[in-house]
Structures are given as structure tokens and as C-alpha cells.
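Structure data (compact mmCIF, C-alpha atoms and all ligand atoms) from final34.txt:
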# COMPACT_ATOMS: atom_id res chain seq x y z
CA MET W 103 71.17 48.46 -10.70
CA LEU W 104 68.52 48.32 -7.96
CA LEU W 105 68.49 44.58 -7.28
CA GLU W 106 71.09 42.14 -8.40
CA VAL W 107 70.74 38.48 -7.50
CA ARG W 108 73.90 36.50 -8.13
CA SER W 109 74.18 32.71 -8.10
CA LEU W 110 71.49 32.33 -5.46
CA CYS W 111 71.14 28.82 -4.05
CA VAL W 112 68.66 27.72 -1.40
CA ARG W 113 68.47 24.41 0.37
CA TYR W 114 65.76 23.89 3.00
CA ASP W 115 67.60 20.96 4.51
CA GLU W 116 70.56 18.74 3.78
CA LYS W 117 68.53 15.75 2.68
CA SER W 118 66.34 17.41 0.05
CA GLU W 119 67.23 18.77 -3.36
CA PRO W 120 68.06 22.48 -3.55
CA ALA W 121 64.90 24.59 -3.94
CA VAL W 122 66.84 27.27 -5.84
CA ARG W 123 69.94 26.57 -7.93
CA ASP W 124 72.32 29.19 -9.16
CA VAL W 125 69.68 31.80 -9.88
CA SER W 126 70.89 35.15 -11.21
CA PHE W 127 68.90 38.13 -12.44
CA SER W 128 68.77 41.84 -12.00
CA LEU W 129 66.21 44.57 -11.78
CA ASP W 130 66.63 48.23 -12.65
CA ASP W 131 64.92 51.13 -10.93
CA GLY W 132 61.27 51.17 -11.95
CA GLU W 133 61.47 47.85 -13.80
CA ILE W 134 58.90 45.05 -13.49
CA LEU W 135 60.22 41.51 -13.82
CA GLY W 136 57.93 38.49 -13.85
CA LEU W 137 59.07 35.25 -12.28
CA VAL W 138 57.04 32.30 -13.55
CA GLY W 139 57.17 28.54 -13.25
CA GLU W 140 55.04 25.65 -12.08
CA SER W 141 54.25 24.93 -8.45
CA GLY W 142 57.38 23.90 -6.57
CA SER W 143 59.79 25.45 -9.09
CA GLY W 144 61.33 27.62 -6.36
CA LYS W 145 59.74 31.03 -6.96
CA SER W 146 58.75 31.62 -3.35
CA ALA W 147 61.99 30.17 -2.04
CA ALA W 148 63.92 32.65 -4.19
CA ALA W 149 61.74 35.54 -3.01
CA ARG W 150 62.12 34.52 0.63
CA ALA W 151 65.87 34.23 0.24
CA ILE W 152 66.02 37.73 -1.21
CA MET W 153 64.07 39.06 1.77
CA GLY W 154 65.96 36.94 4.29
CA LEU W 155 62.73 35.32 5.42
CA LEU W 156 63.67 31.66 5.15
CA PRO W 157 63.69 29.42 8.23
CA ALA W 158 66.94 29.62 10.18
CA ASP W 159 68.07 26.12 9.18
CA ALA W 160 67.79 26.83 5.46
CA ALA W 161 71.14 27.26 3.71
CA VAL W 162 71.50 30.22 1.37
CA THR W 163 74.52 30.95 -0.78
CA GLY W 164 75.10 33.61 -3.41
CA GLN W 165 74.53 37.33 -3.22
CA VAL W 166 71.51 39.60 -3.08
CA LEU W 167 72.69 43.10 -3.84
CA PHE W 168 70.16 45.81 -3.11
CA ASP W 169 71.47 49.17 -4.21
CA GLY W 170 74.92 47.63 -3.94
CA ALA W 171 74.56 46.27 -0.38
CA ASP W 172 74.62 42.49 0.01
CA LEU W 173 71.50 41.58 1.99
CA THR W 174 72.77 38.06 2.64
CA ALA W 175 75.74 39.49 4.50
CA VAL W 176 74.12 42.17 6.68
CA SER W 177 72.83 41.67 10.23
CA ASP W 178 69.16 40.94 10.87
CA LYS W 179 68.77 44.40 12.29
CA GLU W 180 70.27 45.97 9.19
CA ARG W 181 68.07 43.82 6.95
CA ARG W 182 64.93 44.86 8.79
CA LYS W 183 65.80 48.44 7.93
CA TYR W 184 65.57 47.56 4.25
CA LEU W 185 62.46 45.41 4.52
CA GLY W 186 59.41 47.57 4.74
CA SER W 187 61.15 50.82 4.05
CA GLU W 188 63.11 50.17 0.84
CA ILE W 189 61.56 46.82 -0.05
CA GLY W 190 57.83 46.20 0.34
CA MET W 191 56.28 42.75 0.31
CA VAL W 192 52.89 41.49 -0.79
CA PHE W 193 51.82 37.87 -0.45
CA GLN W 194 49.05 35.72 -1.83
CA GLU W 195 46.68 35.45 1.12
CA PRO W 196 45.96 38.89 2.54
CA LEU W 197 43.78 37.55 5.34
CA SER W 198 46.40 35.17 6.67
CA ALA W 199 49.10 37.83 6.35
CA MET W 200 47.15 40.13 8.65
CA ASP W 201 46.61 40.04 12.38
CA PRO W 202 42.85 39.47 12.86
CA LEU W 203 42.84 41.33 16.19
CA MET W 204 44.52 44.50 14.99
CA ARG W 205 42.82 47.28 13.10
CA VAL W 206 43.91 47.51 9.47
CA GLY W 207 45.28 51.03 9.85
CA ARG W 208 47.62 49.98 12.64
CA GLN W 209 48.96 47.21 10.44
CA VAL W 210 49.57 49.61 7.59
CA GLU W 211 51.46 51.84 10.04
CA GLU W 212 53.66 48.96 11.14
CA THR W 213 56.26 49.56 8.41
CA LEU W 214 56.53 53.20 9.48
CA ARG W 215 57.63 52.38 13.01
CA ILE W 216 61.26 52.02 11.97
CA HIS W 217 61.20 55.73 11.25
CA ALA W 218 61.66 56.70 14.86
CA SER W 219 61.34 60.37 14.04
CA MET W 220 57.71 60.01 12.90
CA SER W 221 55.01 61.02 15.37
CA ALA W 222 51.85 58.94 15.80
CA ALA W 223 49.85 61.60 13.96
CA GLU W 224 52.31 61.62 11.07
CA ARG W 225 52.16 57.84 10.88
CA LYS W 226 48.39 57.90 10.73
CA ALA W 227 48.38 60.56 8.03
CA ARG W 228 50.86 58.54 6.00
CA ALA W 229 48.82 55.34 6.43
CA LEU W 230 45.65 57.08 5.27
CA GLU W 231 47.52 58.45 2.29
CA ALA W 232 48.82 54.96 1.43
CA LEU W 233 45.31 53.47 1.70
CA ALA W 234 44.05 56.14 -0.68
CA MET W 235 46.96 55.48 -3.04
CA ALA W 236 46.03 51.81 -2.99
CA GLY W 237 42.66 52.80 -4.42
CA LEU W 238 40.51 52.43 -1.31
CA PRO W 239 37.73 55.01 -1.63
CA GLU W 240 37.16 55.40 2.11
CA PRO W 241 40.60 55.26 3.70
CA GLY W 242 39.27 56.36 7.11
CA ALA W 243 36.77 53.52 7.33
CA VAL W 244 39.33 50.97 6.18
CA TYR W 245 41.85 52.36 8.68
CA ARG W 246 39.43 51.65 11.54
CA ALA W 247 38.21 48.27 10.23
CA TYR W 248 39.37 44.85 11.37
CA PRO W 249 40.58 42.53 8.58
CA HIS W 250 37.50 40.26 8.61
CA MET W 251 35.30 43.25 7.82
CA LEU W 252 36.89 43.75 4.40
CA SER W 253 36.47 41.87 1.12
CA GLY W 254 39.43 39.96 -0.33
CA GLY W 255 40.07 42.68 -2.90
CA MET W 256 39.96 45.45 -0.29
CA LEU W 257 42.28 43.48 1.96
CA GLN W 258 44.78 43.00 -0.82
CA ARG W 259 44.65 46.75 -1.47
CA ALA W 260 45.29 47.30 2.24
CA MET W 261 48.27 44.94 2.06
CA ILE W 262 49.59 46.91 -0.88
CA ALA W 263 49.04 50.11 1.13
CA ALA W 264 51.13 48.61 3.94
CA ALA W 265 53.83 47.65 1.45
CA ILE W 266 54.05 51.12 -0.09
CA ALA W 267 53.48 53.25 3.02
CA ALA W 268 57.17 53.84 3.65
CA GLY W 269 57.85 54.68 0.01
CA PRO W 270 59.86 51.61 -1.02
CA ARG W 271 61.84 51.42 -4.25
CA LEU W 272 61.06 47.74 -4.77
CA LEU W 273 57.99 45.58 -4.24
CA ILE W 274 58.28 41.81 -4.07
CA LEU W 275 54.89 40.37 -4.91
CA ASP W 276 54.38 36.62 -4.47
CA GLU W 277 51.19 35.58 -6.28
CA PRO W 278 49.49 38.85 -5.28
CA THR W 279 46.33 38.22 -7.31
CA THR W 280 46.05 34.43 -7.26
CA ALA W 281 43.46 34.30 -4.47
CA LEU W 282 41.23 36.91 -6.12
CA ASP W 283 38.49 36.54 -8.72
CA VAL W 284 39.27 37.75 -12.24
CA THR W 285 37.54 41.13 -11.95
CA VAL W 286 39.34 42.07 -8.75
CA GLN W 287 42.53 40.59 -10.17
CA ALA W 288 42.35 43.00 -13.10
CA GLN W 289 41.78 45.94 -10.73
CA ILE W 290 44.77 45.03 -8.61
CA LEU W 291 46.95 44.65 -11.69
CA ASN W 292 45.89 48.11 -12.84
CA LEU W 293 46.71 49.49 -9.41
CA LEU W 294 50.18 47.95 -9.50
CA LYS W 295 50.76 49.32 -12.98
CA THR W 296 49.74 52.78 -11.80
CA LEU W 297 52.05 52.56 -8.78
CA ASN W 298 54.88 51.53 -11.05
CA GLU W 299 54.25 54.44 -13.39
CA THR W 300 53.53 57.18 -10.84
CA GLN W 301 55.80 56.17 -7.95
CA HIS W 302 58.44 54.52 -10.11
CA ILE W 303 58.44 51.44 -7.87
CA ALA W 304 60.29 48.42 -9.29
CA MET W 305 58.55 45.05 -8.92
CA LEU W 306 59.50 41.43 -8.77
CA PHE W 307 56.20 39.87 -9.73
CA ILE W 308 55.87 36.17 -8.96
CA SER W 309 53.05 34.21 -10.54
CA HIS W 310 52.28 30.84 -12.05
CA ASP W 311 49.67 32.63 -14.18
CA LEU W 312 51.21 33.48 -17.54
CA GLY W 313 48.25 35.63 -18.54
CA VAL W 314 48.76 37.88 -15.54
CA VAL W 315 52.49 38.14 -16.19
CA ARG W 316 51.87 39.05 -19.79
CA LYS W 317 49.61 41.91 -18.69
CA ILE W 318 51.99 43.56 -16.27
CA CYS W 319 55.59 42.41 -16.80
CA PRO W 320 57.69 43.70 -19.70
CA GLY W 321 60.38 41.17 -18.78
CA VAL W 322 60.12 37.60 -17.56
CA ALA W 323 62.28 34.84 -16.10
CA VAL W 324 61.07 31.25 -16.27
CA MET W 325 61.93 28.88 -13.44
CA GLN W 326 61.96 25.10 -13.52
CA LYS W 327 63.14 22.89 -10.69
CA GLY W 328 64.97 25.72 -8.99
CA GLU W 329 66.70 27.07 -12.08
CA ILE W 330 66.03 29.94 -14.43
CA VAL W 331 65.77 28.22 -17.80
CA GLU W 332 64.78 31.17 -19.94
CA THR W 333 64.67 34.93 -19.58
CA GLY W 334 63.91 37.89 -21.82
CA GLU W 335 61.24 40.32 -22.96
CA THR W 336 57.86 38.82 -22.10
CA GLN W 337 56.46 39.36 -25.58
CA VAL W 338 59.42 37.66 -27.23
CA VAL W 339 59.58 34.77 -24.76
CA PHE W 340 55.84 34.13 -25.07
CA GLN W 341 55.83 34.43 -28.86
CA SER W 342 58.84 32.26 -29.55
CA PRO W 343 59.84 30.30 -26.46
CA GLN W 344 63.24 28.68 -26.78
CA HIS W 345 63.36 26.29 -23.86
CA PRO W 346 61.21 23.12 -23.98
CA TYR W 347 59.87 23.88 -20.48
CA THR W 348 58.67 27.35 -21.50
CA LYS W 349 56.99 25.80 -24.54
CA LEU W 350 55.31 23.31 -22.26
CA LEU W 351 54.10 26.01 -19.86
CA LEU W 352 52.66 28.03 -22.72
CA ALA W 353 51.04 24.99 -24.30
CA ALA W 354 49.46 24.09 -20.96
CA LYS W 355 48.02 27.60 -20.81
CA GLU W 356 46.52 27.38 -24.30
CA GLY W 357 45.00 24.01 -23.50
N1 LIG W 401 59.43 25.11 4.42
C1 LIG W 401 59.93 24.24 3.56
N2 LIG W 401 60.67 23.18 3.96
C2 LIG W 401 61.20 22.30 3.09
N3 LIG W 401 61.03 22.40 1.76
C3 LIG W 401 60.30 23.41 1.28
C4 LIG W 401 59.70 24.37 2.15
N4 LIG W 401 59.03 25.28 1.38
C5 LIG W 401 59.20 24.88 0.10
N5 LIG W 401 59.96 23.76 0.04
C6 LIG W 401 60.36 23.06 -1.20
O1 LIG W 401 61.14 23.93 -1.99
C7 LIG W 401 60.81 23.80 -3.38
C8 LIG W 401 60.40 25.12 -3.94
O2 LIG W 401 59.18 25.53 -3.34
P1 LIG W 401 58.55 26.97 -3.56
O3 LIG W 401 57.54 27.16 -2.52
O4 LIG W 401 59.63 27.98 -3.69
O5 LIG W 401 57.84 26.80 -5.00
P2 LIG W 401 56.93 27.83 -5.79
O6 LIG W 401 57.52 27.95 -7.14
O7 LIG W 401 56.78 29.06 -5.01
O8 LIG W 401 55.55 27.04 -5.90
P3 LIG W 401 54.03 27.58 -5.81
O9 LIG W 401 53.69 28.06 -7.20
O10 LIG W 401 53.25 26.37 -5.43
O11 LIG W 401 53.97 28.65 -4.79
C9 LIG W 401 59.74 22.73 -3.46
O12 LIG W 401 60.37 21.51 -3.77
C10 LIG W 401 59.17 22.70 -2.06
O13 LIG W 401 58.70 21.41 -1.75
MG MG W 402 55.14 30.01 -4.11

If you convert what's in this file into C-alpha cells, what do you get?
Ligand SMILES: Nc1ncnc2c1ncn2[C@@H]1O[C@H](COP(=O)(O)OP(=O)(O)OP(=O)(O)O)[C@@H](O)[C@H]1O
Ligand SMILES: [Mg+2]
Amino acid sequence: MLLEVRSLCVRYDEKSEPAVRDVSFSLDDGEILGLVGESGSGKSAAARAIMGLLPADAAVTGQVLFDGADLTAVSDKERRKYLGSEIGMVFQEPLSAMDPLMRVGRQVEETLRIHASMSAAERKARALEALAMAGLPEPGAVYRAYPHMLSGGMLQRAMIAAAIAAGPRLLILDEPTTALDVTVQAQILNLLKTLNETQHIAMLFISHDLGVVRKICPGVAVMQKGEIVETGETQVVFQSPQHPYTKLLLAAKEG
């Protein structure tokens, strides 16, 4: 098992309700799992807990086993070794995730810096390769560009390039296509599918958009108020939802 999340609970502070309650799921090598649910259901909180990116005062219990190692128990230094190299991350807003003053290529190279043995030239070559893999037709031009010079779709491809540059086994994607128009959205989904098939990268794909999940995720977990209320093969869950909340989500989509 590549990723195994066991009884994950997240509480941002003592006064509020838990954002994630007793969430368990697992992901095999090369598998794509969709995580859906309405706004506020705890999808991002769960993803951040897996990556260890919650604010310091948030309380996390449970286990996040990546390749058998519990990421909730390792040191920050140890965790940083996993993030970027073994686990790549892609978020919703590519522009806000990037440093406006740093050339795109340098930002793609950032994840390669943990490989101390890599020379600057090797890093650059790998970044250009990743940009090409992310479907950018002119990797050299994108490498030299500043973020504001690129379209939203190109930026999201560059973010994906950064996420895959170090050859991760898992991508955690939090609403990766939500900020994009439908045409670009479809292109990015195709790119992710291709990366899954050719590089065998597993994906945890978070989205509130059931249509998008249906297109790319063979399996799905449905979250409501911090809990997973239903899980299974996407086709089956969408065709005959069992939980009232899943039925509601699907009905809302039809309407
Ligand atoms: N930084 C924070 N501090 C306190 N509470 C937070 C914080 N971020 C999120 N929450 C709360 O945690 C719960 C889960 O939020 P989360 O962002 O995980 O939802 P989500 O499913 O990702 O929603 P969306 O689809 O809008 O992104 C919500 O009740 C939210 O208000
Ligand atoms: Mg979210």
C-alpha cells in the first residue's frame, strides 16, 4: 500500500468542531482516488494533515502511512524529504502558489534542491524535462518567464511540472482545475491521466466538482462534515449512491 490514512482527526482549535473526523482510506501504487464533498467538508484539512502542512496549533491524531512510514510521527526535516520528492502537491490557485519575483524555472527546480548531489545544470535539465512532460510546448521560454507572463492554464501546467520534477510516487491535488475554464480544465485532466498512465503516479484528487471526479477517478470517497460517508468505485457510487448526502450531492449536480 502506498498511502494509508488511519483514523485521521484534525481540529484547528479547541473551541471549534473537528474539521476531519476519523477519516480512513488507502491508495495503491498508481491508483487515483477522488475526494469529494461540499465546501467546508474537510477535504483540504485532510490533505494538509497528510502533508503536515497545517498550522502549528492544529491538533492532528491518527496515522498517515506513506510506504509504511508514519508521516505524523517523523521530524519536520524527515517529512520535507518526502514532500516534493516522493509526494508532489498541486493547489487550486497557481498564481498565488508561485513567487511572483522568481522565474518559473527556478520554482520548478525548487523540489530538486533536496537532492544535494544534483548539479545546477542537472537541475535545469530536469526542470526543462518536467515542463515538457507537463505539456508546455516551449519549455525554455516558460523556464525563463515570470509567473505573471503565463496564462492560468500554462501556470497550472508549470505547477504540475514542479510537482513531478523529482519523480514522486504520489500527487496530492487540491482542486487543481477549479480556477480554470472548462477547455483548459479538460486539457489538464488529460495531462494528469497521461501522467498517471505513463509515470504510474498515484493521485489523491480533491474536488467539489463531481463531473471532474467522474472523468479521472476510478474510485471515490465522499466527505461530509469531516467524515467519509461513502466510498467505492466512482461509477457504482454515482449510479446508485447509498448515503443520503451522496444522493443530495448528485441531485444538486443534476439540477
Ligand atoms: N485555518 C483554519 N482555521 C480554522 N478553521 C479552519 C481553517 N481552515 C479551515 N477551517 C475549517 O475546517 C473545516 C474544513 O475546511 P476545509 O478547508 O478542509 O474544507 P474543504 O472541504 O476543503 O472546502 P472547500 O471545498 O471550500 O475547499 C471548515 O469548517 C473550515 O471552516
Ligand atoms: Mg478546500

**Report entry** Who sits within 7 Å of range 226-232 of chain W, all atoms listed in the file, same chain under 3 positions skipped, as a ChimeraX atom specification
**Finding:** /W:207,210-211,222-223,235-236,241-242,245,263,266-267

Query raised in the report: Near Pro202 in chain W, counting only C-alpha atoms, which residues have an atom at most 12 Å away, once you skip same-chain residues fewer than 3 positions from it, shown as a list of chain:residue names?
Result: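 That gives W:Pro196, W:Leu197, W:Ser198, W:Ala199, W:Arg205, W:Val206, W:Arg208, W:Gln209, W:Ala247, W:Tyr248, W:Pro249, W:His250, W:Met251, W:Leu252, W:Leu257.
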
For C-alpha atoms, I'd like the residues from the last selection saved as a compact mmCIF listing (two decimals), in the frame of the given file.
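Printed below is result.txt as written:
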# COMPACT_ATOMS: atom_id res chain seq x y z
CA PRO W 196 45.96 38.89 2.54
CA LEU W 197 43.78 37.55 5.34
CA SER W 198 46.40 35.17 6.67
CA ALA W 199 49.10 37.83 6.35
CA ARG W 205 42.82 47.28 13.10
CA VAL W 206 43.91 47.51 9.47
CA ARG W 208 47.62 49.98 12.64
CA GLN W 209 48.96 47.21 10.44
CA ALA W 247 38.21 48.27 10.23
CA TYR W 248 39.37 44.85 11.37
CA PRO W 249 40.58 42.53 8.58
CA HIS W 250 37.50 40.26 8.61
CA MET W 251 35.30 43.25 7.82
CA LEU W 252 36.89 43.75 4.40
CA LEU W 257 42.28 43.48 1.96

**Report entry** Straight-line distance linking CA of Val314 in chain W with CA of Glu277 in chain W, stated in Å to one decimal
**Finding:** 9.8 Å

Compute the set of protein, DNA and RNA residues whose minimum atom distance to ligand LIG 401 (chain W) is at most 6 Å, using only C-alpha atoms and all ligand atoms, and state it as a CSV table (one decimal) with C-alpha atoms, in the frame of the given file.
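The file below, selection.csv, is the result:
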chain,number,residue,atom,x,y,z
W,114,TYR,CA,65.8,23.9,3.0
W,121,ALA,CA,64.9,24.6,-3.9
W,140,GLU,CA,55.0,25.6,-12.1
W,141,SER,CA,54.2,24.9,-8.4
W,142,GLY,CA,57.4,23.9,-6.6
W,143,SER,CA,59.8,25.4,-9.1
W,144,GLY,CA,61.3,27.6,-6.4
W,145,LYS,CA,59.7,31.0,-7.0
W,146,SER,CA,58.8,31.6,-3.4
W,147,ALA,CA,62.0,30.2,-2.0
W,310,HIS,CA,52.3,30.8,-12.0

Who sits within 8 Å of range 271-276 of chain W, all atoms listed in the file, same chain under 4 positions skipped, as a compact mmCIF listing (two decimals) with C-alpha atoms, keeping the file's coordinate frame:
# COMPACT_ATOMS: atom_id res chain seq x y z
CA ASP W 131 64.92 51.13 -10.93
CA GLY W 132 61.27 51.17 -11.95
CA SER W 146 58.75 31.62 -3.35
CA ALA W 149 61.74 35.54 -3.01
CA GLU W 188 63.11 50.17 0.84
CA ILE W 189 61.56 46.82 -0.05
CA GLY W 190 57.83 46.20 0.34
CA MET W 191 56.28 42.75 0.31
CA VAL W 192 52.89 41.49 -0.79
CA PHE W 193 51.82 37.87 -0.45
CA GLN W 194 49.05 35.72 -1.83
CA ALA W 265 53.83 47.65 1.45
CA ILE W 266 54.05 51.12 -0.09
CA HIS W 302 58.44 54.52 -10.11
CA ILE W 303 58.44 51.44 -7.87
CA ALA W 304 60.29 48.42 -9.29
CA MET W 305 58.55 45.05 -8.92
CA LEU W 306 59.50 41.43 -8.77
CA PHE W 307 56.20 39.87 -9.73
CA ILE W 308 55.87 36.17 -8.96
CA SER W 309 53.05 34.21 -10.54
